[in-house]
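First comes the structure, then the notes that go with it.
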Amino acid sequence: MFKKNHFKGIASICVIGTILISLVAAQPNLGIAKSANEEIYKGKTPKYVFMFIGDGMSYAQISSAEMYLGEKSMPGKLTPEQLSFTKFPVHGSLMTQDSSSFIPDSASTATSLASGHKTLSGVINMDETKTHEYKPITEDLKAKGYKIGIITSVPITHATPAAYYAKVANRNDAYEIGKQLAASGFDYFGGGDFDQKTGPEGTDQPIYDIVEEAGYTIANTKEEIQALNNRSGKVVAIDPDDYETALDYEIDREPGELALADYVKKGIDVLNNNKGFFMMVEGGKIDWANHANDAAASIYDTVAFDDSVKVALDFYNAHPKDTLILVTADHECGGMTIGYSLTGYSTHFEKLQPVTMSYQEFDKISKLYKGTNPANPKLEDLSANIKEAYGLDLATLTPYEASLLNNAFAKFMSADTKPANDQESVLYGTYNPLSVTLSHIMNNRAGLSFTTYSHTGVPVPIYAVGTGSELFDGYYDNTKVYYKLASITQSSQAK
Ligand SMILES: [Zn+2]
């Protein structure tokens, strides 16, 4: 009896001891830091940091690109062809809500990634009262001797790139953002052009003059851009083939035109030095394609984004102990998903292969047609153009598809194409009713669909490889990306 109790007692002590030991031991693994914003990193600091942000890119955007590529190279095998970054050894997920909504915008989310704070939608590196400024990590890294590069496929003054060099209460103040770019002293800006080049009213000093007065060289021909190197000084490389101040959609890019990956390659040429560099690269048109519910354009731009990651990966392979690459997103866009009511459990990615242009290019064609003021407009008048752009033969339309497309055509040809009611808002958003309906038909035939023309509140992935990458696993708030990076690079962790 005594013995039995004695053993019970020892057993209890052992059990309690084991629980205590495992609790203590488990704490660091659970990432329970001393304070929510504190990250502890004792490893080596990388000299070269790449931060890739696929704007509007979550799992469906990534997986649809991988499935599309897999279907193309191995038809019928149901094997995704992985993008380079989904093979990275570390993978986490980020919560993206901001101070305005569970459905955030790029200004607030890029602020969270760049400076570690939540703020209102539309606000860049300022607090919710729009009075207190936050310092993006690039300022600390620059002070530590890193060169700084900022690249995007959309305007360089757009919200995501701006969060890495500017502080403004309103993301639409592009001229002010441009002036802050000039004052930043950062080393390389590449990709899309400035918005509001002569101010919001068109009456201010040209932004190129301000940028040049600040000591920057503006390179805006392919030859000038290709000639840039690490003796070029501070440079702004502006895409010579831009359309509305952004790079073309990848699906529309002509051979020989610079791609996002070319701006990353050039960025390495310009920034490479023995103190290191930080480069932020935004795939901004993934977001724009998803706003427009254009799955083919989203897939092409996601692949172009991956091509730009591959450039960094080559650099990493040459400097594996000194390089960190992060690939993440600011938020999801479009509510894209893989699955559609009428295709059930099947997908048909091969049906997107004949698509040859973005909705934006097709809009130019359809507007030319509308501009001729045809006396008796008919959808059939555009049948050859639709076949060329989407690979869609009007004779194959189901009665349901035909009714959607005929209604969209009538709306497109009407005097006012803005949505007149909720039904039209659901069907077309604020897009060209004809092209957005063609996109929907192609998406749905492929087994894809969208829920919105805006962003959504679903989480986004983060992938990491290289020195310090181990900190990025888990499921956490997007502000933590800043604190982890600040810890890894020993930059100040402003609270
Ligand atoms: Zn967006």
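So you can find residues: chains in the structure tokens are A, B, ... in the order shown, residues in each start at 1, and ligands are numbered from 1 in order.
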Tell me which protein, DNA and RNA residues are within 10 Å of Leu94 in chain A, counting only C-alpha atoms, leaving out same-chain ones fewer than 2 positions away, and put them as an mmCIF file with N, CA, C and O atoms, in the first residue's frame.
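Dumped everything to around.cif:
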data_model
loop_
_atom_site.group_PDB
_atom_site.id
_atom_site.type_symbol
_atom_site.label_atom_id
_atom_site.label_comp_id
_atom_site.auth_asym_id
_atom_site.auth_seq_id
_atom_site.Cartn_x
_atom_site.Cartn_y
_atom_site.Cartn_z
ATOM 1 N N GLY A 92 5.228 30.805 -44.371
ATOM 2 C CA GLY A 92 4.291 31.252 -43.349
ATOM 3 C C GLY A 92 3.076 31.894 -43.989
ATOM 4 O O GLY A 92 2.950 31.916 -45.213
ATOM 5 N N THR A 96 -3.843 40.240 -42.719
ATOM 6 C CA THR A 96 -3.644 41.504 -43.444
ATOM 7 C C THR A 96 -4.585 42.637 -43.043
ATOM 8 O O THR A 96 -4.531 43.709 -43.639
ATOM 9 N N GLN A 97 -5.446 42.414 -42.054
ATOM 10 C CA GLN A 97 -6.414 43.475 -41.722
ATOM 11 C C GLN A 97 -5.705 44.779 -41.343
ATOM 12 O O GLN A 97 -4.580 44.758 -40.866
ATOM 13 N N THR A 328 6.266 37.770 -50.526
ATOM 14 C CA THR A 328 4.983 37.808 -49.846
ATOM 15 C C THR A 328 4.010 38.674 -50.650
ATOM 16 O O THR A 328 4.223 38.928 -51.838
ATOM 17 N N ALA A 329 2.932 39.086 -50.009
ATOM 18 C CA ALA A 329 1.917 39.911 -50.662
ATOM 19 C C ALA A 329 1.386 40.893 -49.638
ATOM 20 O O ALA A 329 1.570 40.716 -48.431
ATOM 21 N N ASP A 330 0.723 41.919 -50.130
ATOM 22 C CA ASP A 330 0.140 42.892 -49.206
ATOM 23 C C ASP A 330 -1.282 42.486 -48.797
ATOM 24 O O ASP A 330 -1.699 42.676 -47.670
ATOM 25 N N HIS A 331 -2.014 41.904 -49.767
ATOM 26 C CA HIS A 331 -3.410 41.499 -49.512
ATOM 27 C C HIS A 331 -3.843 40.680 -50.704
ATOM 28 O O HIS A 331 -3.162 40.664 -51.736
ATOM 29 N N VAL A 458 -8.738 37.682 -47.067
ATOM 30 C CA VAL A 458 -8.083 36.388 -46.810
ATOM 31 C C VAL A 458 -6.585 36.581 -46.573
ATOM 32 O O VAL A 458 -5.994 37.544 -47.055
ATOM 33 N N PRO A 459 -5.962 35.677 -45.810
ATOM 34 C CA PRO A 459 -4.530 35.830 -45.523
ATOM 35 C C PRO A 459 -3.677 35.660 -46.778
ATOM 36 O O PRO A 459 -4.159 35.164 -47.798
ATOM 37 N N VAL A 460 -2.438 36.072 -46.659
ATOM 38 C CA VAL A 460 -1.496 35.907 -47.770
ATOM 39 C C VAL A 460 -0.294 35.092 -47.314
ATOM 40 O O VAL A 460 0.044 35.081 -46.131
ATOM 41 N N PRO A 461 0.364 34.402 -48.224
ATOM 42 C CA PRO A 461 1.536 33.623 -47.839
ATOM 43 C C PRO A 461 2.805 34.470 -47.763
ATOM 44 O O PRO A 461 2.859 35.572 -48.315
ATOM 45 N N ILE A 462 3.790 33.933 -47.061
ATOM 46 C CA ILE A 462 5.144 34.502 -47.120
ATOM 47 C C ILE A 462 6.110 33.328 -47.258
ATOM 48 O O ILE A 462 5.951 32.298 -46.587
ATOM 49 N N PHE A 472 10.597 33.263 -40.393
ATOM 50 C CA PHE A 472 9.370 33.638 -41.078
ATOM 51 C C PHE A 472 8.316 32.543 -41.157
ATOM 52 O O PHE A 472 7.303 32.711 -41.822
ATOM 53 N N ASP A 473 8.500 31.412 -40.473
ATOM 54 C CA ASP A 473 7.444 30.405 -40.507
ATOM 55 C C ASP A 473 6.345 30.779 -39.505
ATOM 56 O O ASP A 473 6.516 31.678 -38.685
ATOM 57 N N GLY A 474 5.211 30.109 -39.629
ATOM 58 C CA GLY A 474 4.102 30.381 -38.715
ATOM 59 C C GLY A 474 3.027 31.248 -39.343
ATOM 60 O O GLY A 474 3.104 31.614 -40.516
ATOM 61 N N TYR A 475 2.047 31.546 -38.508
ATOM 62 C CA TYR A 475 0.884 32.341 -38.942
ATOM 63 C C TYR A 475 0.836 33.559 -38.049
ATOM 64 O O TYR A 475 0.683 33.441 -36.836
ATOM 65 N N TYR A 476 1.026 34.716 -38.596
ATOM 66 C CA TYR A 476 1.185 35.898 -37.751
ATOM 67 C C TYR A 476 0.714 37.157 -38.476
ATOM 68 O O TYR A 476 0.391 37.129 -39.670
ATOM 69 N N ASP A 477 0.724 38.260 -37.738
ATOM 70 C CA ASP A 477 0.280 39.531 -38.281
ATOM 71 C C ASP A 477 1.329 40.101 -39.244
ATOM 72 O O ASP A 477 2.531 39.932 -39.034
ATOM 73 N N ASN A 478 0.850 40.820 -40.260
ATOM 74 C CA ASN A 478 1.807 41.333 -41.261
ATOM 75 C C ASN A 478 2.810 42.333 -40.675
ATOM 76 O O ASN A 478 3.914 42.474 -41.203
ATOM 77 N N THR A 479 2.453 43.020 -39.580
ATOM 78 C CA THR A 479 3.411 43.949 -38.957
ATOM 79 C C THR A 479 4.669 43.223 -38.470
ATOM 80 O O THR A 479 5.739 43.813 -38.384
ATOM 81 N N LYS A 480 4.505 41.932 -38.162
ATOM 82 C CA LYS A 480 5.652 41.159 -37.638
ATOM 83 C C LYS A 480 6.763 41.001 -38.664
ATOM 84 O O LYS A 480 7.921 40.773 -38.297
ATOM 85 N N VAL A 481 6.412 41.111 -39.931
ATOM 86 C CA VAL A 481 7.441 40.988 -40.979
ATOM 87 C C VAL A 481 8.497 42.066 -40.764
ATOM 88 O O VAL A 481 9.700 41.815 -40.855
#
Practice task
Let me have all residues with an atom within 9 Å of ligand 1, counting only C-alpha atoms and all ligand atoms, laid out as a ChimeraX atom specification.
Solution key: /A:55-56,105-106,284-288,290-291,331-334,453-455
Handout entry: Backbone-only DSSP, helix (DSSP H, G or I) members of range 150-248 of chain A, as a list in words
Key = Ala159, Thr160, Pro161, Ala162, Ala174, Tyr175, Glu176, Ile177, Gly178, Lys179, Gln180, Leu181, Ala182, Ala183, Ser184, Ile207, Tyr208, Asp209, Ile210, Val211, Glu212, Glu213, Lys222, Glu223, Glu224, Ile225 and Gln226 of chain A
Practice task
Mind checking which residues fall within 8 Å of range 345-351 of chain A, counting only C-alpha atoms, ignoring those fewer than 5 positions away in the same chain, and posting them as an MDAnalysis selection string?
Solution key: chainID A and resid 67:68 71:72 338:339 442 445:448
Include N, CA and C atoms and write out the residues we just selected as a PDB file, in the first residue's frame.
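Resulting contents of out-v3.pdb:
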ATOM      1  N   MET A  67      -0.914  25.724 -61.725  1.00  0.00           N
ATOM      2  CA  MET A  67      -1.749  24.738 -62.417  1.00  0.00           C
ATOM      3  C   MET A  67      -1.773  25.001 -63.920  1.00  0.00           C
ATOM      4  N   TYR A  68      -1.840  26.279 -64.284  1.00  0.00           N
ATOM      5  CA  TYR A  68      -1.817  26.651 -65.705  1.00  0.00           C
ATOM      6  C   TYR A  68      -0.519  26.142 -66.355  1.00  0.00           C
ATOM      7  N   GLU A  71      -0.528  22.299 -66.513  1.00  0.00           N
ATOM      8  CA  GLU A  71      -1.424  21.790 -67.559  1.00  0.00           C
ATOM      9  C   GLU A  71      -0.802  21.976 -68.941  1.00  0.00           C
ATOM     10  N   LYS A  72      -0.052  23.079 -69.081  1.00  0.00           N
ATOM     11  CA  LYS A  72       0.569  23.367 -70.371  1.00  0.00           C
ATOM     12  C   LYS A  72       1.713  22.395 -70.671  1.00  0.00           C
ATOM     13  N   ILE A 338     -10.284  28.783 -57.203  1.00  0.00           N
ATOM     14  CA  ILE A 338     -10.184  27.695 -58.175  1.00  0.00           C
ATOM     15  C   ILE A 338     -11.397  26.812 -57.933  1.00  0.00           C
ATOM     16  N   GLY A 339     -12.385  26.918 -58.820  1.00  0.00           N
ATOM     17  CA  GLY A 339     -13.667  26.257 -58.636  1.00  0.00           C
ATOM     18  C   GLY A 339     -14.784  27.187 -59.067  1.00  0.00           C
ATOM     19  N   MET A 442     -14.276  33.160 -69.943  1.00  0.00           N
ATOM     20  CA  MET A 442     -13.039  32.371 -70.058  1.00  0.00           C
ATOM     21  C   MET A 442     -12.632  31.785 -68.703  1.00  0.00           C
ATOM     22  N   ARG A 445     -15.046  28.930 -67.803  1.00  0.00           N
ATOM     23  CA  ARG A 445     -14.789  27.722 -68.599  1.00  0.00           C
ATOM     24  C   ARG A 445     -13.563  26.975 -68.074  1.00  0.00           C
ATOM     25  N   ALA A 446     -12.597  27.748 -67.552  1.00  0.00           N
ATOM     26  CA  ALA A 446     -11.388  27.121 -66.995  1.00  0.00           C
ATOM     27  C   ALA A 446     -11.622  26.569 -65.591  1.00  0.00           C
ATOM     28  N   GLY A 447     -12.763  26.925 -64.994  1.00  0.00           N
ATOM     29  CA  GLY A 447     -13.053  26.467 -63.628  1.00  0.00           C
ATOM     30  C   GLY A 447     -12.602  27.431 -62.553  1.00  0.00           C
ATOM     31  N   LEU A 448     -12.462  28.705 -62.941  1.00  0.00           N
ATOM     32  CA  LEU A 448     -12.037  29.746 -61.989  1.00  0.00           C
ATOM     33  C   LEU A 448     -13.170  30.750 -61.816  1.00  0.00           C
TER      34      LEU A 448
END
Problem - Which residue of A:Ser298, A:Thr119, A:Thr430, A:Asn272 approaches Tyr146 in chain A most closely, using only C-alpha atoms - result: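 The answer is A:Asn272, which sits nearest to Tyr146 in chain A.
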Practice task
Extract, using only C-alpha atoms, all DNA, RNA and protein residues at most 12 Å from range 369-375 of chain A, discarding same-chain residues fewer than 2 positions from it, and format them as a count of residues only.
Solution key: 24
Problem - Gap from CA of Tyr263 in chain A to CA of Tyr165 in chain A - Å, one decimal - result: 18.1 Å
Handout entry: Two-atom distance - CA of Asp416 in chain A, CA of Tyr431 in chain A (Å)
Key =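 The value is 12.1 Å.
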Backbone DSSP call of strand (DSSP E) for range 90-293 of chain A, listed as a tab-separated table (two decimals) with all heavy atoms, in the first residue's frame:
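File written: out_8.tsv
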chain	number	residue	atom	x	y	z
A	90	VAL	N	11.15	27.88	-46.22
A	90	VAL	CA	10.34	28.42	-45.12
A	90	VAL	C	9.07	29.05	-45.70
A	90	VAL	O	9.11	29.77	-46.69
A	90	VAL	CB	11.12	29.48	-44.32
A	90	VAL	CG1	10.25	30.05	-43.20
A	90	VAL	CG2	12.41	28.87	-43.76
A	91	HIS	N	7.94	28.74	-45.05
A	91	HIS	CA	6.66	29.23	-45.52
A	91	HIS	C	5.79	29.62	-44.33
A	91	HIS	O	5.66	28.87	-43.38
A	91	HIS	CB	5.97	28.11	-46.34
A	91	HIS	CG	4.56	28.40	-46.70
A	91	HIS	ND1	3.61	27.42	-46.79
A	91	HIS	CD2	3.94	29.57	-46.98
A	91	HIS	CE1	2.45	27.97	-47.13
A	91	HIS	NE2	2.61	29.27	-47.25
A	92	GLY	N	5.23	30.80	-44.37
A	92	GLY	CA	4.29	31.25	-43.35
A	92	GLY	C	3.08	31.89	-43.99
A	92	GLY	O	2.95	31.92	-45.21
A	93	SER	N	2.17	32.40	-43.14
A	93	SER	CA	0.99	33.12	-43.64
A	93	SER	C	0.81	34.39	-42.82
A	93	SER	O	1.09	34.39	-41.61
A	93	SER	CB	-0.27	32.28	-43.52
A	93	SER	OG	-0.19	31.13	-44.31
A	94	LEU	N	0.29	35.42	-43.46
A	94	LEU	CA	0.12	36.71	-42.79
A	94	LEU	C	-1.34	37.12	-42.73
A	94	LEU	O	-2.07	36.98	-43.70
A	94	LEU	CB	0.87	37.82	-43.55
A	94	LEU	CG	2.34	37.58	-43.90
A	94	LEU	CD1	2.87	38.79	-44.66
A	94	LEU	CD2	3.15	37.33	-42.64
A	95	MET	N	-1.73	37.67	-41.56
A	95	MET	CA	-3.02	38.33	-41.45
A	95	MET	C	-2.85	39.75	-41.99
A	95	MET	O	-1.83	40.39	-41.73
A	95	MET	CB	-3.44	38.41	-39.98
A	95	MET	CG	-3.85	37.06	-39.43
A	95	MET	SD	-4.13	37.17	-37.65
A	95	MET	CE	-2.59	36.47	-37.04
A	147	LYS	N	22.69	49.95	-49.65
A	147	LYS	CA	22.07	50.71	-50.72
A	147	LYS	C	20.63	50.23	-50.84
A	147	LYS	O	20.31	49.09	-50.52
A	147	LYS	CB	22.83	50.53	-52.03
A	147	LYS	CG	24.16	51.25	-52.01
A	147	LYS	CD	24.73	51.48	-53.39
A	147	LYS	CE	25.97	52.36	-53.29
A	147	LYS	NZ	26.50	52.69	-54.62
A	148	ILE	N	19.77	51.13	-51.31
A	148	ILE	CA	18.33	50.83	-51.33
A	148	ILE	C	17.80	50.91	-52.76
A	148	ILE	O	18.01	51.90	-53.46
A	148	ILE	CB	17.54	51.84	-50.46
A	148	ILE	CG1	18.11	51.92	-49.03
A	148	ILE	CG2	16.04	51.49	-50.46
A	148	ILE	CD1	17.98	50.68	-48.20
A	149	GLY	N	17.10	49.85	-53.15
A	149	GLY	CA	16.46	49.82	-54.46
A	149	GLY	C	14.96	49.54	-54.33
A	149	GLY	O	14.56	48.72	-53.51
A	150	ILE	N	14.17	50.23	-55.13
A	150	ILE	CA	12.71	50.07	-55.09
A	150	ILE	C	12.19	49.94	-56.53
A	150	ILE	O	12.42	50.82	-57.35
A	150	ILE	CB	12.05	51.25	-54.33
A	150	ILE	CG1	12.48	51.16	-52.86
A	150	ILE	CG2	10.53	51.20	-54.46
A	150	ILE	CD1	12.28	52.40	-52.05
A	151	ILE	N	11.52	48.81	-56.77
A	151	ILE	CA	11.12	48.46	-58.14
A	151	ILE	C	9.64	48.09	-58.15
A	151	ILE	O	9.16	47.41	-57.24
A	151	ILE	CB	11.95	47.24	-58.62
A	151	ILE	CG1	13.44	47.59	-58.65
A	151	ILE	CG2	11.49	46.76	-60.00
A	151	ILE	CD1	14.34	46.39	-58.75
A	152	THR	N	8.95	48.50	-59.21
A	152	THR	CA	7.54	48.12	-59.32
A	152	THR	C	7.11	48.07	-60.77
A	152	THR	O	7.71	48.76	-61.61
A	152	THR	CB	6.63	49.09	-58.54
A	152	THR	OG1	5.27	48.64	-58.68
A	152	THR	CG2	6.75	50.52	-59.05
A	188	TYR	N	18.27	53.42	-56.13
A	188	TYR	CA	17.76	52.94	-57.42
A	188	TYR	C	16.25	52.80	-57.37
A	188	TYR	O	15.70	52.15	-56.47
A	188	TYR	CB	18.38	51.58	-57.73
A	188	TYR	CG	17.83	50.87	-58.94
A	188	TYR	CD1	18.16	51.26	-60.24
A	188	TYR	CD2	16.99	49.76	-58.81
A	188	TYR	CE1	17.66	50.60	-61.36
A	188	TYR	CE2	16.50	49.08	-59.91
A	188	TYR	CZ	16.83	49.51	-61.18
A	188	TYR	OH	16.34	48.84	-62.27
A	189	PHE	N	15.58	53.46	-58.29
A	189	PHE	CA	14.14	53.28	-58.46
A	189	PHE	C	13.93	52.77	-59.88
A	189	PHE	O	14.51	53.32	-60.82
A	189	PHE	CB	13.40	54.61	-58.26
A	189	PHE	CG	13.46	55.13	-56.85
A	189	PHE	CD1	14.51	55.99	-56.45
A	189	PHE	CD2	12.51	54.77	-55.91
A	189	PHE	CE1	14.58	56.46	-55.14
A	189	PHE	CE2	12.57	55.24	-54.60
A	189	PHE	CZ	13.61	56.09	-54.21
A	190	GLY	N	13.12	51.75	-60.02
A	190	GLY	CA	12.94	51.20	-61.37
A	190	GLY	C	11.53	50.72	-61.63
A	190	GLY	O	10.85	50.25	-60.73
A	191	GLY	N	11.10	50.85	-62.89
A	191	GLY	CA	9.79	50.33	-63.30
A	191	GLY	C	8.88	51.41	-63.83
A	191	GLY	O	9.24	52.14	-64.76
A	217	THR	N	19.90	60.60	-61.84
A	217	THR	CA	19.86	60.46	-63.29
A	217	THR	C	18.56	59.76	-63.63
A	217	THR	O	18.23	58.75	-63.01
A	217	THR	CB	21.04	59.59	-63.79
A	217	THR	OG1	22.25	60.22	-63.39
A	217	THR	CG2	20.99	59.41	-65.29
A	218	ILE	N	17.83	60.31	-64.59
A	218	ILE	CA	16.62	59.63	-65.06
A	218	ILE	C	16.97	58.90	-66.35
A	218	ILE	O	17.41	59.52	-67.32
A	218	ILE	CB	15.47	60.62	-65.28
A	218	ILE	CG1	15.03	61.21	-63.92
A	218	ILE	CG2	14.28	59.93	-65.96
A	218	ILE	CD1	13.93	62.24	-63.99
A	219	ALA	N	16.80	57.59	-66.34
A	219	ALA	CA	17.04	56.79	-67.53
A	219	ALA	C	15.68	56.31	-68.03
A	219	ALA	O	14.99	55.59	-67.31
A	219	ALA	CB	17.94	55.60	-67.19
A	235	VAL	N	19.84	56.64	-59.39
A	235	VAL	CA	19.12	56.60	-60.67
A	235	VAL	C	17.64	56.26	-60.51
A	235	VAL	O	17.24	55.57	-59.58
A	235	VAL	CB	19.75	55.58	-61.66
A	235	VAL	CG1	21.14	55.98	-62.05
A	235	VAL	CG2	19.73	54.18	-61.08
A	236	VAL	N	16.87	56.80	-61.46
A	236	VAL	CA	15.47	56.40	-61.61
A	236	VAL	C	15.34	55.85	-63.03
A	236	VAL	O	15.56	56.59	-64.00
A	236	VAL	CB	14.51	57.59	-61.41
A	236	VAL	CG1	13.07	57.10	-61.51
A	236	VAL	CG2	14.75	58.27	-60.07
A	237	ALA	N	15.03	54.55	-63.14
A	237	ALA	CA	14.89	53.91	-64.45
A	237	ALA	C	13.41	53.76	-64.75
A	237	ALA	O	12.71	53.02	-64.06
A	237	ALA	CB	15.57	52.54	-64.43
A	238	ILE	N	12.95	54.50	-65.75
A	238	ILE	CA	11.51	54.54	-66.05
A	238	ILE	C	11.23	53.76	-67.33
A	238	ILE	O	11.88	53.98	-68.36
A	238	ILE	CB	11.02	55.99	-66.19
A	238	ILE	CG1	11.19	56.72	-64.85
A	238	ILE	CG2	9.55	56.03	-66.64
A	238	ILE	CD1	10.95	58.20	-64.92
A	277	PHE	N	22.85	45.57	-49.90
A	277	PHE	CA	21.71	46.34	-50.38
A	277	PHE	C	20.40	45.70	-49.94
A	277	PHE	O	20.36	44.53	-49.58
A	277	PHE	CB	21.73	46.51	-51.91
A	277	PHE	CG	21.68	45.22	-52.70
A	277	PHE	CD1	20.49	44.51	-52.86
A	277	PHE	CD2	22.84	44.71	-53.31
A	277	PHE	CE1	20.45	43.34	-53.60
A	277	PHE	CE2	22.81	43.54	-54.05
A	277	PHE	CZ	21.60	42.84	-54.19
A	278	PHE	N	19.37	46.52	-49.97
A	278	PHE	CA	18.00	46.06	-49.75
A	278	PHE	C	17.21	46.43	-51.00
A	278	PHE	O	17.26	47.57	-51.47
A	278	PHE	CB	17.38	46.77	-48.54
A	278	PHE	CG	15.90	46.51	-48.37
A	278	PHE	CD1	15.43	45.44	-47.63
A	278	PHE	CD2	14.96	47.35	-48.98
A	278	PHE	CE1	14.06	45.21	-47.48
A	278	PHE	CE2	13.58	47.12	-48.85
A	278	PHE	CZ	13.14	46.04	-48.09
A	279	MET	N	16.49	45.45	-51.53
A	279	MET	CA	15.69	45.71	-52.74
A	279	MET	C	14.26	45.26	-52.52
A	279	MET	O	14.01	44.12	-52.17
A	279	MET	CB	16.32	44.94	-53.91
A	279	MET	CG	15.79	45.38	-55.26
A	279	MET	SD	16.30	44.25	-56.59
A	279	MET	CE	18.03	44.62	-56.71
A	280	MET	N	13.32	46.19	-52.71
A	280	MET	CA	11.90	45.84	-52.68
A	280	MET	C	11.41	45.78	-54.11
A	280	MET	O	11.65	46.70	-54.89
A	280	MET	CB	11.10	46.88	-51.90
A	280	MET	CG	9.67	46.48	-51.55
A	280	MET	SD	8.49	46.32	-52.91
A	280	MET	CE	8.31	48.03	-53.41
A	281	VAL	N	10.75	44.67	-54.45
A	281	VAL	CA	10.25	44.50	-55.81
A	281	VAL	C	8.75	44.20	-55.74
A	281	VAL	O	8.34	43.21	-55.14
A	281	VAL	CB	10.95	43.32	-56.52
A	281	VAL	CG1	10.47	43.21	-57.96
A	281	VAL	CG2	12.47	43.46	-56.45
A	282	GLU	N	7.96	45.04	-56.36
A	282	GLU	CA	6.51	44.82	-56.35
A	282	GLU	C	6.00	44.34	-57.71
A	282	GLU	O	6.26	44.97	-58.74
A	282	GLU	CB	5.75	46.12	-56.01
A	282	GLU	CG	4.25	45.87	-55.86
A	282	GLU	CD	3.36	47.09	-56.10
A	282	GLU	OE1	3.81	48.05	-56.74
A	282	GLU	OE2	2.21	47.04	-55.65
A	283	GLY	N	5.29	43.22	-57.70
A	283	GLY	CA	4.53	42.79	-58.87
A	283	GLY	C	3.16	43.42	-58.77
A	283	GLY	O	2.21	42.81	-58.29
